[in-house]
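Below you'll find the structure, written out as C-alpha coordinates, and then a few comments.
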Amino acid sequence: MKRLQFAALIGMGLILVGAGIARQPEAQAEGSATIKGSIHFSGTAPTREPVKMNADPVCQQQHSSPVLSEEAAVVGPEGELKNVFVHVKSGASPAASAPTQPVTLDQNGCWYTPHVFGIQANQPLEIVNSDATLHNVNAKPTTNQPFNIAQPVKGMKTTKKFTKPEIMVKFKCNVHPWMSAYAGVVNHPYFAVSDEQGAFSITGLPAGTYELEAWHEKFGTQTQTLTVAEGETKQTEWSFRAQ
Amino acid sequence: MFVGATMFASDRSALRLHRYAMLTASATFLLLIAGGLVTSTDSGLAVPDWPLSYGMLFPPMVGGIFYEHGHRMIAGVVGILIGVLAVWTRKTEKRIWVRRLAAFAFAAVLAQALLGGLTVLLLLPPQISIAHACLGQTVFCLVVGLAWCTHPGWSATLATARPIGGSFFLRFLAMAVAILAATQLFLGAVIRHTGIAVVPHMIVALCLLMTSVICLWQVLKRRASLPSVPSHAWRVVLLLGVQLTLGVMVFLNRSSVGLRTAHVAVGALILSQAVLLAWEVWRRAGSPSCETDECVSRAY
(Lines give C-alpha, C1' and ligand atoms only; values in the text may rest on other atoms or scores of the structure.)
Protein backbone atom coordinates (compact mmCIF):
# COMPACT_ATOMS: atom_id res chain seq x y z
CA MET A 1 0.00 0.00 0.00
CA LYS A 2 2.84 2.31 0.96
CA ARG A 3 4.56 1.47 -2.32
CA LEU A 4 1.39 2.43 -4.19
CA GLN A 5 1.16 5.76 -2.37
CA PHE A 6 4.83 6.44 -3.10
CA ALA A 7 4.39 5.65 -6.80
CA ALA A 8 1.31 7.92 -6.95
CA LEU A 9 3.28 10.71 -5.29
CA ILE A 10 6.15 10.34 -7.80
CA GLY A 11 3.63 10.25 -10.66
CA MET A 12 1.90 13.45 -9.50
CA GLY A 13 5.26 15.13 -9.09
CA LEU A 14 6.25 14.22 -12.65
CA ILE A 15 2.92 15.51 -13.99
CA LEU A 16 3.39 18.84 -12.18
CA VAL A 17 6.98 19.25 -13.44
CA GLY A 18 5.88 18.33 -16.96
CA ALA A 19 3.04 20.82 -16.83
CA GLY A 20 5.45 23.50 -15.64
CA ILE A 21 7.82 22.82 -18.53
CA ALA A 22 4.96 22.82 -21.00
CA ARG A 23 3.66 26.13 -19.64
CA GLN A 24 7.03 27.89 -19.87
CA PRO A 25 6.48 29.43 -23.34
CA GLU A 26 3.14 30.78 -22.16
CA ALA A 27 4.99 32.57 -19.38
CA GLN A 28 6.73 34.58 -22.11
CA ALA A 29 3.56 35.25 -24.00
CA GLU A 30 3.61 38.03 -26.61
CA GLY A 31 2.33 41.41 -25.60
CA SER A 32 0.14 43.79 -27.54
CA ALA A 33 2.33 46.88 -27.91
CA THR A 34 3.56 48.00 -31.31
CA ILE A 35 6.51 50.14 -32.36
CA LYS A 36 6.26 51.68 -35.78
CA GLY A 37 8.91 53.70 -37.47
CA SER A 38 9.68 55.90 -40.40
CA ILE A 39 13.26 55.97 -41.65
CA HIS A 40 14.64 58.73 -43.83
CA PHE A 41 17.93 59.60 -45.36
CA SER A 42 19.02 63.22 -45.29
CA GLY A 43 21.56 64.57 -47.71
CA THR A 44 22.45 63.56 -51.23
CA ALA A 45 21.61 59.91 -51.77
CA PRO A 46 24.36 57.76 -53.29
CA THR A 47 23.82 56.93 -56.94
CA ARG A 48 22.65 53.40 -57.59
CA GLU A 49 24.88 52.07 -60.33
CA PRO A 50 23.57 49.54 -62.87
CA VAL A 51 24.97 46.10 -62.16
CA LYS A 52 27.10 44.57 -64.92
CA MET A 53 25.94 40.98 -65.20
CA ASN A 54 27.84 40.11 -68.36
CA ALA A 55 30.13 37.76 -66.39
CA ASP A 56 27.33 35.19 -66.64
CA PRO A 57 25.01 35.16 -69.69
CA VAL A 58 22.33 33.28 -67.71
CA CYS A 59 22.11 36.22 -65.30
CA GLN A 60 22.05 38.81 -68.05
CA GLN A 61 19.27 37.04 -69.96
CA GLN A 62 16.98 37.14 -66.92
CA HIS A 63 16.77 40.94 -66.87
CA SER A 64 15.29 42.95 -69.72
CA SER A 65 16.30 46.26 -68.13
CA PRO A 66 19.41 47.18 -66.13
CA VAL A 67 19.33 46.16 -62.48
CA LEU A 68 20.39 48.86 -60.04
CA SER A 69 22.72 47.97 -57.19
CA GLU A 70 21.10 47.67 -53.77
CA GLU A 71 24.45 47.78 -52.02
CA ALA A 72 24.81 51.57 -52.04
CA ALA A 73 21.43 52.54 -50.65
CA VAL A 74 17.82 52.39 -51.78
CA VAL A 75 16.42 55.85 -51.13
CA GLY A 76 12.94 56.95 -52.20
CA PRO A 77 12.02 60.35 -53.71
CA GLU A 78 11.27 61.80 -50.26
CA GLY A 79 14.36 60.24 -48.70
CA GLU A 80 12.61 57.03 -47.57
CA LEU A 81 15.31 54.52 -46.70
CA LYS A 82 14.78 50.85 -47.52
CA ASN A 83 16.66 47.82 -46.11
CA VAL A 84 17.23 49.09 -42.57
CA PHE A 85 17.17 46.28 -40.04
CA VAL A 86 15.52 47.41 -36.80
CA HIS A 87 15.54 45.21 -33.73
CA VAL A 88 15.12 45.37 -29.98
CA LYS A 89 18.69 45.47 -28.76
CA SER A 90 17.91 45.26 -25.06
CA GLY A 91 14.87 44.94 -22.84
CA ALA A 92 13.26 41.91 -24.51
CA SER A 93 13.37 38.42 -23.03
CA PRO A 94 14.87 35.73 -25.26
CA ALA A 95 12.28 33.52 -26.90
CA ALA A 96 11.90 30.11 -25.30
CA SER A 97 12.22 28.41 -28.64
CA ALA A 98 12.91 29.42 -32.21
CA PRO A 99 10.17 29.12 -34.86
CA THR A 100 10.33 25.96 -36.94
CA GLN A 101 9.04 27.81 -40.02
CA PRO A 102 12.12 28.58 -42.15
CA VAL A 103 13.13 31.98 -43.47
CA THR A 104 13.86 31.78 -47.20
CA LEU A 105 16.82 33.39 -48.92
CA ASP A 106 16.25 33.04 -52.64
CA GLN A 107 18.78 33.45 -55.44
CA ASN A 108 16.61 34.57 -58.31
CA GLY A 109 17.86 36.45 -61.37
CA CYS A 110 21.34 36.31 -59.83
CA TRP A 111 20.00 38.44 -57.01
CA TYR A 112 19.44 37.70 -53.34
CA THR A 113 15.84 38.13 -52.22
CA PRO A 114 15.50 39.62 -49.67
CA HIS A 115 18.63 41.78 -49.53
CA VAL A 116 18.24 42.37 -45.77
CA PHE A 117 16.26 40.11 -43.47
CA GLY A 118 15.89 39.06 -39.86
CA ILE A 119 15.97 35.57 -38.43
CA GLN A 120 15.91 34.12 -34.95
CA ALA A 121 18.80 32.11 -33.58
CA ASN A 122 18.21 28.40 -34.32
CA GLN A 123 15.43 29.19 -36.79
CA PRO A 124 15.95 27.30 -40.07
CA LEU A 125 17.24 29.34 -43.00
CA GLU A 126 16.31 27.81 -46.33
CA ILE A 127 18.66 28.90 -49.11
CA VAL A 128 17.19 28.32 -52.57
CA ASN A 129 18.74 28.53 -56.01
CA SER A 130 16.03 29.52 -58.47
CA ASP A 131 18.55 30.25 -61.23
CA ALA A 132 19.72 27.99 -64.04
CA THR A 133 23.32 28.81 -63.16
CA LEU A 134 25.81 28.01 -60.42
CA HIS A 135 25.93 29.94 -57.17
CA ASN A 136 28.09 29.63 -54.12
CA VAL A 137 26.62 30.90 -50.87
CA ASN A 138 29.39 32.31 -48.72
CA ALA A 139 28.05 33.22 -45.27
CA LYS A 140 30.55 35.30 -43.33
CA PRO A 141 29.46 35.55 -39.70
CA THR A 142 32.01 36.37 -37.01
CA THR A 143 30.18 34.87 -34.00
CA ASN A 144 28.41 31.98 -35.70
CA GLN A 145 29.90 29.22 -37.83
CA PRO A 146 30.76 30.49 -41.33
CA PHE A 147 30.00 28.33 -44.35
CA ASN A 148 30.46 28.30 -48.09
CA ILE A 149 28.16 25.97 -49.99
CA ALA A 150 27.76 25.09 -53.64
CA GLN A 151 24.37 25.31 -55.33
CA PRO A 152 25.08 24.36 -58.92
CA VAL A 153 21.59 23.14 -59.85
CA LYS A 154 18.34 25.07 -60.29
CA GLY A 155 15.83 24.31 -57.54
CA MET A 156 18.50 23.23 -55.07
CA LYS A 157 17.70 23.96 -51.41
CA THR A 158 20.00 23.95 -48.42
CA THR A 159 18.90 24.51 -44.82
CA LYS A 160 21.23 26.15 -42.32
CA LYS A 161 20.92 27.58 -38.80
CA PHE A 162 22.71 30.30 -36.91
CA THR A 163 22.81 29.38 -33.25
CA LYS A 164 23.84 32.71 -31.72
CA PRO A 165 22.55 36.28 -32.09
CA GLU A 166 24.67 38.33 -34.47
CA ILE A 167 24.18 41.74 -36.11
CA MET A 168 24.74 41.28 -39.08
CA VAL A 169 25.73 38.18 -41.06
CA LYS A 170 26.87 38.92 -44.59
CA PHE A 171 26.13 36.58 -47.49
CA LYS A 172 28.10 36.78 -50.67
CA CYS A 173 28.22 34.96 -53.97
CA ASN A 174 31.80 34.89 -55.22
CA VAL A 175 30.67 33.66 -58.64
CA HIS A 176 28.57 36.78 -59.13
CA PRO A 177 30.36 39.44 -57.06
CA TRP A 178 27.44 41.90 -57.16
CA MET A 179 25.29 39.53 -55.07
CA SER A 180 25.20 40.22 -51.35
CA ALA A 181 22.65 39.93 -48.55
CA TYR A 182 22.57 40.56 -44.81
CA ALA A 183 20.82 38.70 -42.02
CA GLY A 184 20.20 40.05 -38.54
CA VAL A 185 20.20 37.10 -36.14
CA VAL A 186 18.38 37.80 -32.86
CA ASN A 187 17.06 35.64 -30.03
CA HIS A 188 13.52 37.09 -29.98
CA PRO A 189 10.83 37.91 -32.53
CA TYR A 190 11.02 41.70 -32.18
CA PHE A 191 12.62 42.88 -35.41
CA ALA A 192 11.65 44.30 -38.80
CA VAL A 193 13.17 45.59 -42.03
CA SER A 194 12.16 48.93 -43.53
CA ASP A 195 10.28 48.79 -46.79
CA GLU A 196 10.40 51.10 -49.83
CA GLN A 197 8.46 53.74 -47.89
CA GLY A 198 11.10 53.56 -45.17
CA ALA A 199 8.46 52.14 -42.82
CA PHE A 200 8.70 49.29 -40.35
CA SER A 201 6.53 47.81 -37.64
CA ILE A 202 7.45 45.63 -34.67
CA THR A 203 4.39 44.07 -33.11
CA GLY A 204 3.51 41.89 -30.14
CA LEU A 205 5.80 43.59 -27.64
CA PRO A 206 5.04 43.25 -23.94
CA ALA A 207 4.84 46.52 -22.02
CA GLY A 208 8.27 47.77 -21.07
CA THR A 209 11.26 49.93 -21.88
CA TYR A 210 13.30 48.92 -24.88
CA GLU A 211 16.46 49.98 -26.63
CA LEU A 212 15.96 49.79 -30.39
CA GLU A 213 18.80 49.63 -32.86
CA ALA A 214 18.54 50.41 -36.56
CA TRP A 215 21.30 49.11 -38.85
CA HIS A 216 22.06 50.09 -42.42
CA GLU A 217 24.87 48.52 -44.43
CA LYS A 218 26.28 51.86 -45.60
CA PHE A 219 25.14 54.34 -42.96
CA GLY A 220 25.89 52.40 -39.77
CA THR A 221 23.71 52.04 -36.69
CA GLN A 222 21.49 54.23 -34.52
CA THR A 223 19.71 53.54 -31.26
CA GLN A 224 16.62 54.88 -29.51
CA THR A 225 15.20 54.05 -26.11
CA LEU A 226 11.44 54.13 -25.59
CA THR A 227 8.75 52.83 -23.29
CA VAL A 228 5.49 51.26 -24.45
CA ALA A 229 2.43 50.29 -22.49
CA GLU A 230 0.31 47.22 -23.17
CA GLY A 231 -1.83 47.81 -26.27
CA GLU A 232 -0.02 51.05 -27.11
CA THR A 233 1.34 51.88 -30.58
CA LYS A 234 4.32 54.20 -30.66
CA GLN A 235 5.65 55.96 -33.73
CA THR A 236 9.40 56.59 -34.05
CA GLU A 237 11.37 58.71 -36.50
CA TRP A 238 14.85 57.81 -37.70
CA SER A 239 17.21 59.84 -39.82
CA PHE A 240 20.42 58.59 -41.41
CA ARG A 241 23.17 60.62 -43.04
CA ALA A 242 26.06 59.46 -45.21
CA GLN A 243 29.09 58.59 -43.04
CA MET B 1 79.60 28.57 -77.96
CA PHE B 2 76.56 26.36 -78.56
CA VAL B 3 75.94 27.04 -82.19
CA GLY B 4 75.31 24.41 -84.84
CA ALA B 5 77.68 21.55 -85.37
CA THR B 6 80.16 22.68 -82.75
CA MET B 7 77.75 21.64 -80.01
CA PHE B 8 78.33 18.33 -78.30
CA ALA B 9 75.38 15.98 -77.78
CA SER B 10 75.51 16.58 -74.01
CA ASP B 11 75.43 20.33 -74.63
CA ARG B 12 72.36 19.96 -76.84
CA SER B 13 70.69 17.85 -74.15
CA ALA B 14 71.57 20.45 -71.51
CA LEU B 15 70.22 23.22 -73.73
CA ARG B 16 66.93 21.33 -74.16
CA LEU B 17 66.64 20.93 -70.40
CA HIS B 18 67.40 24.62 -69.91
CA ARG B 19 64.78 25.65 -72.47
CA TYR B 20 62.24 23.36 -70.83
CA ALA B 21 63.06 24.90 -67.45
CA MET B 22 62.55 28.36 -69.00
CA LEU B 23 59.14 27.23 -70.31
CA THR B 24 58.26 25.92 -66.85
CA ALA B 25 59.34 29.20 -65.25
CA SER B 26 57.17 31.14 -67.71
CA ALA B 27 54.19 28.90 -66.95
CA THR B 28 54.79 29.37 -63.23
CA PHE B 29 54.80 33.14 -63.72
CA LEU B 30 51.47 32.82 -65.54
CA LEU B 31 50.19 30.81 -62.58
CA LEU B 32 51.23 33.60 -60.20
CA ILE B 33 49.26 36.10 -62.29
CA ALA B 34 46.25 33.75 -62.26
CA GLY B 35 46.56 33.45 -58.47
CA GLY B 36 46.81 37.22 -58.15
CA LEU B 37 43.63 37.57 -60.22
CA VAL B 38 41.78 35.18 -57.89
CA THR B 39 42.58 37.38 -54.87
CA SER B 40 42.08 40.67 -56.72
CA THR B 41 38.61 39.63 -57.92
CA ASP B 42 37.69 38.05 -54.55
CA SER B 43 36.98 34.78 -56.35
CA GLY B 44 38.82 32.50 -53.94
CA LEU B 45 35.59 30.95 -52.67
CA ALA B 46 33.69 30.97 -55.98
CA VAL B 47 34.32 27.23 -56.08
CA PRO B 48 33.49 25.87 -52.62
CA ASP B 49 34.83 22.33 -53.11
CA TRP B 50 38.29 20.92 -53.81
CA PRO B 51 39.92 19.14 -55.63
CA LEU B 52 36.85 18.99 -57.91
CA SER B 53 34.96 22.15 -58.84
CA TYR B 54 31.21 21.85 -58.11
CA GLY B 55 31.82 18.11 -58.27
CA MET B 56 33.07 18.46 -61.85
CA LEU B 57 36.38 18.57 -63.65
CA PHE B 58 35.23 21.41 -65.90
CA PRO B 59 32.43 23.56 -64.49
CA PRO B 60 30.94 26.39 -66.57
CA MET B 61 33.56 29.15 -66.59
CA VAL B 62 31.28 31.98 -65.49
CA GLY B 63 31.92 34.84 -63.08
CA GLY B 64 34.35 34.08 -60.28
CA ILE B 65 34.58 30.42 -61.37
CA PHE B 66 36.56 31.58 -64.41
CA TYR B 67 39.31 32.93 -62.16
CA GLU B 68 39.29 30.24 -59.46
CA HIS B 69 38.94 27.20 -61.72
CA GLY B 70 41.25 28.78 -64.31
CA HIS B 71 43.87 29.13 -61.55
CA ARG B 72 43.39 25.46 -60.64
CA MET B 73 43.78 24.32 -64.25
CA ILE B 74 46.97 26.33 -64.77
CA ALA B 75 48.24 25.02 -61.42
CA GLY B 76 47.63 21.47 -62.62
CA VAL B 77 49.64 22.09 -65.80
CA VAL B 78 52.47 23.75 -63.83
CA GLY B 79 52.51 20.85 -61.37
CA ILE B 80 52.97 18.42 -64.25
CA LEU B 81 55.63 20.64 -65.87
CA ILE B 82 57.64 20.81 -62.63
CA GLY B 83 57.21 17.07 -62.09
CA VAL B 84 58.63 16.39 -65.57
CA LEU B 85 61.43 18.88 -64.88
CA ALA B 86 62.31 17.01 -61.67
CA VAL B 87 62.38 13.64 -63.50
CA TRP B 88 64.31 15.05 -66.46
CA THR B 89 66.85 16.70 -64.17
CA ARG B 90 67.25 13.50 -62.18
CA LYS B 91 67.99 11.53 -65.35
CA THR B 92 70.33 13.92 -67.13
CA GLU B 93 71.83 16.33 -64.63
CA LYS B 94 75.22 15.45 -63.16
CA ARG B 95 75.18 18.02 -60.37
CA ILE B 96 73.48 16.42 -57.39
CA TRP B 97 72.42 19.75 -55.88
CA VAL B 98 70.55 20.66 -59.09
CA ARG B 99 68.73 17.32 -58.95
CA ARG B 100 67.85 18.02 -55.32
CA LEU B 101 66.72 21.54 -56.14
CA ALA B 102 64.37 20.19 -58.83
CA ALA B 103 63.00 17.54 -56.45
CA PHE B 104 62.47 20.23 -53.83
CA ALA B 105 60.63 22.42 -56.37
CA PHE B 106 58.32 19.49 -57.15
CA ALA B 107 57.67 18.85 -53.45
CA ALA B 108 57.02 22.58 -52.98
CA VAL B 109 54.47 22.71 -55.82
CA LEU B 110 52.66 19.69 -54.35
CA ALA B 111 52.59 21.39 -50.94
CA GLN B 112 51.34 24.51 -52.68
CA ALA B 113 48.43 22.57 -54.21
CA LEU B 114 47.52 21.20 -50.77
CA LEU B 115 47.65 24.70 -49.25
CA GLY B 116 45.44 25.95 -52.09
CA GLY B 117 42.89 23.22 -51.33
CA LEU B 118 43.06 23.87 -47.60
CA THR B 119 42.54 27.59 -47.95
CA VAL B 120 39.37 26.96 -49.98
CA LEU B 121 37.99 24.28 -47.65
CA LEU B 122 38.75 26.34 -44.52
CA LEU B 123 37.20 29.52 -46.05
CA LEU B 124 40.39 31.48 -46.64
CA PRO B 125 41.96 31.68 -43.16
CA PRO B 126 44.54 34.49 -43.50
CA GLN B 127 47.43 32.37 -42.20
CA ILE B 128 46.93 29.68 -44.84
CA SER B 129 46.16 32.16 -47.61
CA ILE B 130 49.36 34.10 -46.78
CA ALA B 131 51.36 30.86 -46.67
CA HIS B 132 49.85 29.91 -50.05
CA ALA B 133 50.88 33.28 -51.53
CA CYS B 134 54.43 33.05 -50.14
CA LEU B 135 54.97 29.43 -51.16
CA GLY B 136 53.79 30.33 -54.67
CA GLN B 137 56.54 32.94 -54.89
CA THR B 138 59.03 30.40 -53.52
CA VAL B 139 58.08 27.86 -56.18
CA PHE B 140 58.54 30.52 -58.86
CA CYS B 141 62.00 31.40 -57.50
CA LEU B 142 62.98 27.71 -57.39
CA VAL B 143 61.97 27.18 -61.01
CA VAL B 144 63.68 30.39 -62.13
CA GLY B 145 66.78 29.22 -60.25
CA LEU B 146 66.60 25.87 -62.05
CA ALA B 147 66.26 27.59 -65.40
CA TRP B 148 69.26 29.72 -64.48
CA CYS B 149 71.60 26.99 -63.31
CA THR B 150 70.69 24.56 -66.09
CA HIS B 151 72.02 26.99 -68.69
CA PRO B 152 74.80 25.07 -70.46
CA GLY B 153 77.24 27.94 -69.90
CA TRP B 154 76.44 28.33 -66.22
CA SER B 155 79.24 26.18 -64.78
CA ALA B 156 81.83 27.67 -67.12
CA THR B 157 81.37 31.07 -65.52
CA LEU B 158 82.98 29.78 -62.35
CA ALA B 159 86.28 29.24 -64.16
CA THR B 160 86.46 32.99 -64.67
CA ALA B 161 85.56 33.86 -61.09
CA ARG B 162 88.24 35.82 -59.30
CA PRO B 163 88.37 37.00 -55.70
CA ILE B 164 87.55 40.70 -55.62
CA GLY B 165 88.04 43.44 -53.08
CA GLY B 166 85.19 44.23 -50.69
CA SER B 167 83.42 40.99 -51.52
CA PHE B 168 82.02 40.56 -48.00
CA PHE B 169 80.21 43.91 -48.17
CA LEU B 170 78.90 43.16 -51.65
CA ARG B 171 77.68 39.71 -50.67
CA PHE B 172 75.99 41.21 -47.62
CA LEU B 173 74.29 43.84 -49.79
CA ALA B 174 73.08 41.34 -52.38
CA MET B 175 71.75 39.03 -49.67
CA ALA B 176 70.02 42.00 -47.99
CA VAL B 177 68.30 42.85 -51.30
CA ALA B 178 66.99 39.28 -51.61
CA ILE B 179 65.84 39.14 -47.97
CA LEU B 180 64.14 42.55 -48.20
CA ALA B 181 62.42 41.53 -51.45
CA ALA B 182 61.13 38.35 -49.77
CA THR B 183 59.97 40.39 -46.76
CA GLN B 184 58.14 42.74 -49.11
CA LEU B 185 56.30 39.86 -50.74
CA PHE B 186 55.32 38.50 -47.33
CA LEU B 187 54.03 41.94 -46.24
CA GLY B 188 52.22 42.31 -49.57
CA ALA B 189 50.48 38.97 -48.98
CA VAL B 190 49.53 40.10 -45.46
CA ILE B 191 47.96 43.27 -46.88
CA ARG B 192 46.09 41.38 -49.57
CA HIS B 193 44.64 38.85 -47.15
CA THR B 194 44.12 40.95 -44.00
CA GLY B 195 44.25 44.60 -45.04
CA ILE B 196 46.88 45.44 -42.40
CA ALA B 197 50.65 46.17 -42.54
CA VAL B 198 50.48 48.89 -45.20
CA VAL B 199 52.96 51.18 -43.38
CA PRO B 200 55.61 48.44 -42.85
CA HIS B 201 55.19 47.53 -46.55
CA MET B 202 55.96 51.15 -47.52
CA ILE B 203 58.95 51.39 -45.18
CA VAL B 204 60.47 48.13 -46.41
CA ALA B 205 59.87 49.28 -50.00
CA LEU B 206 62.08 52.33 -49.41
CA CYS B 207 64.73 50.22 -47.62
CA LEU B 208 64.71 47.78 -50.53
CA LEU B 209 65.08 50.56 -53.08
CA MET B 210 67.99 52.16 -51.20
CA THR B 211 69.78 48.82 -50.67
CA SER B 212 69.28 47.87 -54.31
CA VAL B 213 70.71 51.18 -55.56
CA ILE B 214 73.76 50.84 -53.28
CA CYS B 215 74.17 47.24 -54.41
CA LEU B 216 74.00 48.32 -58.07
CA TRP B 217 76.62 50.97 -57.41
CA GLN B 218 78.94 48.43 -55.75
CA VAL B 219 78.40 45.91 -58.55
CA LEU B 220 79.12 48.52 -61.21
CA LYS B 221 82.35 49.45 -59.42
CA ARG B 222 83.46 45.80 -59.81
CA ARG B 223 81.84 45.07 -63.16
CA ALA B 224 85.12 43.99 -64.74
CA SER B 225 85.35 41.13 -62.24
CA LEU B 226 81.64 40.35 -62.22
CA PRO B 227 80.46 39.95 -65.80
CA SER B 228 76.67 39.61 -66.20
CA VAL B 229 76.04 40.51 -62.56
CA PRO B 230 75.34 44.20 -63.32
CA SER B 231 72.42 43.18 -65.56
CA HIS B 232 70.73 41.49 -62.56
CA ALA B 233 71.32 44.53 -60.39
CA TRP B 234 69.97 46.84 -63.10
CA ARG B 235 66.88 44.67 -63.53
CA VAL B 236 66.16 44.76 -59.79
CA VAL B 237 66.43 48.56 -59.66
CA LEU B 238 64.39 49.15 -62.82
CA LEU B 239 61.68 46.69 -61.74
CA LEU B 240 61.59 48.40 -58.34
CA GLY B 241 60.94 51.70 -60.11
CA VAL B 242 57.99 50.12 -61.92
CA GLN B 243 56.82 48.45 -58.72
CA LEU B 244 56.89 51.63 -56.66
CA THR B 245 54.83 53.39 -59.34
CA LEU B 246 52.36 50.51 -59.34
CA GLY B 247 52.27 50.55 -55.54
CA VAL B 248 51.30 54.23 -55.47
CA MET B 249 48.65 53.61 -58.14
CA VAL B 250 47.22 50.66 -56.18
CA PHE B 251 47.15 52.79 -53.02
CA LEU B 252 45.16 55.45 -54.87
CA ASN B 253 42.87 52.97 -56.63
CA ARG B 254 42.56 49.89 -54.45
CA SER B 255 39.66 48.38 -56.38
CA SER B 256 41.60 48.06 -59.64
CA VAL B 257 41.98 44.37 -60.41
CA GLY B 258 44.57 44.99 -63.14
CA LEU B 259 46.82 47.22 -61.02
CA ARG B 260 46.69 44.95 -57.97
CA THR B 261 47.52 41.88 -60.04
CA ALA B 262 50.32 43.68 -61.88
CA HIS B 263 51.76 44.68 -58.48
CA VAL B 264 51.87 41.01 -57.46
CA ALA B 265 53.40 39.94 -60.77
CA VAL B 266 56.16 42.58 -60.76
CA GLY B 267 56.86 41.71 -57.11
CA ALA B 268 57.48 38.11 -58.17
CA LEU B 269 59.87 39.26 -60.90
CA ILE B 270 61.78 41.44 -58.41
CA LEU B 271 62.13 38.58 -55.95
CA SER B 272 63.38 36.19 -58.62
CA GLN B 273 65.90 38.74 -59.91
CA ALA B 274 67.01 39.59 -56.36
CA VAL B 275 67.58 35.89 -55.66
CA LEU B 276 69.58 35.50 -58.88
CA LEU B 277 71.58 38.64 -58.03
CA ALA B 278 72.42 37.34 -54.55
CA TRP B 279 73.23 33.92 -55.95
CA GLU B 280 75.53 35.30 -58.66
CA VAL B 281 77.29 37.72 -56.32
CA TRP B 282 77.69 34.99 -53.72
CA ARG B 283 79.21 32.47 -56.10
CA ARG B 284 81.36 34.87 -58.09
CA ALA B 285 82.52 37.46 -55.60
CA GLY B 286 83.71 35.12 -52.88
CA SER B 287 84.65 31.86 -54.57
CA PRO B 288 88.13 31.03 -55.71
CA SER B 289 88.30 30.13 -59.39
CA CYS B 290 87.02 26.66 -60.16
CA GLU B 291 88.94 24.85 -62.83
CA THR B 292 88.28 21.16 -62.26
CA ASP B 293 85.14 19.22 -63.21
CA GLU B 294 84.72 18.03 -59.65
CA CYS B 295 84.87 21.58 -58.33
CA VAL B 296 82.37 22.78 -60.93
CA SER B 297 79.94 19.94 -60.20
CA ARG B 298 79.93 20.80 -56.50
CA ALA B 299 79.90 24.56 -56.80
CA TYR B 300 76.62 26.41 -56.42
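Residue names in the C-alpha coordinates use chain letters A, B, ... in the order shown, residue numbers from 1 in each chain, and ligand numbers from 1 in the order shown.
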
Compile the residues of chain B that lie within 6 Å of chain A, evaluated using only C-alpha atoms, and express the compilation as number ranges by chain.
-> B: 43, 46, 48, 62-65

Segment 37-281 of chain B: residues DSSP assigns to helix (DSSP H, G or I), reported as a PyMOL selection string = chain B and resi 37-40+63-92+96-121+126-149+156-159+167-194+198-221+229-252+257-281

The distance between atom CA of Leu135 of chain B and atom CA of Ala108 of chain B is 7.4 Å

All residues 7 Å or closer to segment 74-89 of chain B, only C-alpha atoms, same chain fewer than 6 positions away omitted, as a list in words = Ala21, Thr24, Ala27, Thr28, Leu31, Arg99, Ala102, Ala103, Phe106 and Val109 of chain B

Residues within 8 Å of Pro114 of chain A, only C-alpha atoms, excluding chain neighbours under 4 positions, as a short mmCIF file (atom, residue, chain, number, x, y, z; two decimals) with all heavy atoms, in the first residue's frame:
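What landed in part.cif:
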```cif
data_model
loop_
_atom_site.label_atom_id
_atom_site.label_comp_id
_atom_site.auth_asym_id
_atom_site.auth_seq_id
_atom_site.Cartn_x
_atom_site.Cartn_y
_atom_site.Cartn_z
N LEU A 105 15.92 32.49 -48.19
CA LEU A 105 16.82 33.39 -48.92
C LEU A 105 16.92 32.83 -50.34
O LEU A 105 17.48 31.75 -50.55
CB LEU A 105 18.19 33.44 -48.26
CG LEU A 105 19.24 34.29 -48.98
CD1 LEU A 105 18.83 35.74 -49.05
CD2 LEU A 105 20.60 34.17 -48.30
N ASP A 106 16.34 33.55 -51.27
CA ASP A 106 16.25 33.04 -52.64
C ASP A 106 17.29 33.71 -53.54
O ASP A 106 17.56 34.90 -53.40
CB ASP A 106 14.84 33.32 -53.18
CG ASP A 106 14.57 32.57 -54.48
OD1 ASP A 106 15.38 31.67 -54.82
OD2 ASP A 106 13.57 32.88 -55.15
N ALA A 181 23.84 39.82 -49.41
CA ALA A 181 22.65 39.93 -48.55
C ALA A 181 23.11 39.97 -47.10
O ALA A 181 24.26 39.60 -46.81
CB ALA A 181 21.71 38.74 -48.79
#
```

Atom CA of Arg223 of chain B and atom CA of Leu180 of chain B are how many Å apart?
-> 23.3 Å

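Separating atom CA of Met61 of chain B from atom CA of Thr158 of chain A is a distance of 23.3 Å.
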
Selected residue of minimal separation from Asn122 of chain A among A:Asn83, A:Thr236, A:Ser97, A:Thr44, counting only C-alpha atoms =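 Closest candidate: A:Ser97.
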
Name the residues in contact with Tyr190 of chain A at a cut-off of 7 Å, using only C-alpha atoms, excluding same-chain residues fewer than 3 positions from it; report them as a count of residues only.
-> 3

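Minimum atom-to-atom distances from B:Trp217, B:Leu142, B:Ile196, B:Leu173 to Leu101 of chain B were compared using only C-alpha atoms, and the lowest value belongs to B:Leu142.
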
Please provide the set of residues having any atom within 9 Å of Lys52 of chain A, restricted to only C-alpha atoms, with same-chain residues fewer than 3 positions apart removed, written as a PyMOL selection string.
-> chain A and resi 55+60+66-67+178

Residue contacts of Leu271 of chain B (10 Å, only C-alpha atoms) excluding same-chain residues fewer than 4 positions away, as a PyMOL selection string | chain B and resi 137-138+140-141+177-185+236+239+266-267+275-277
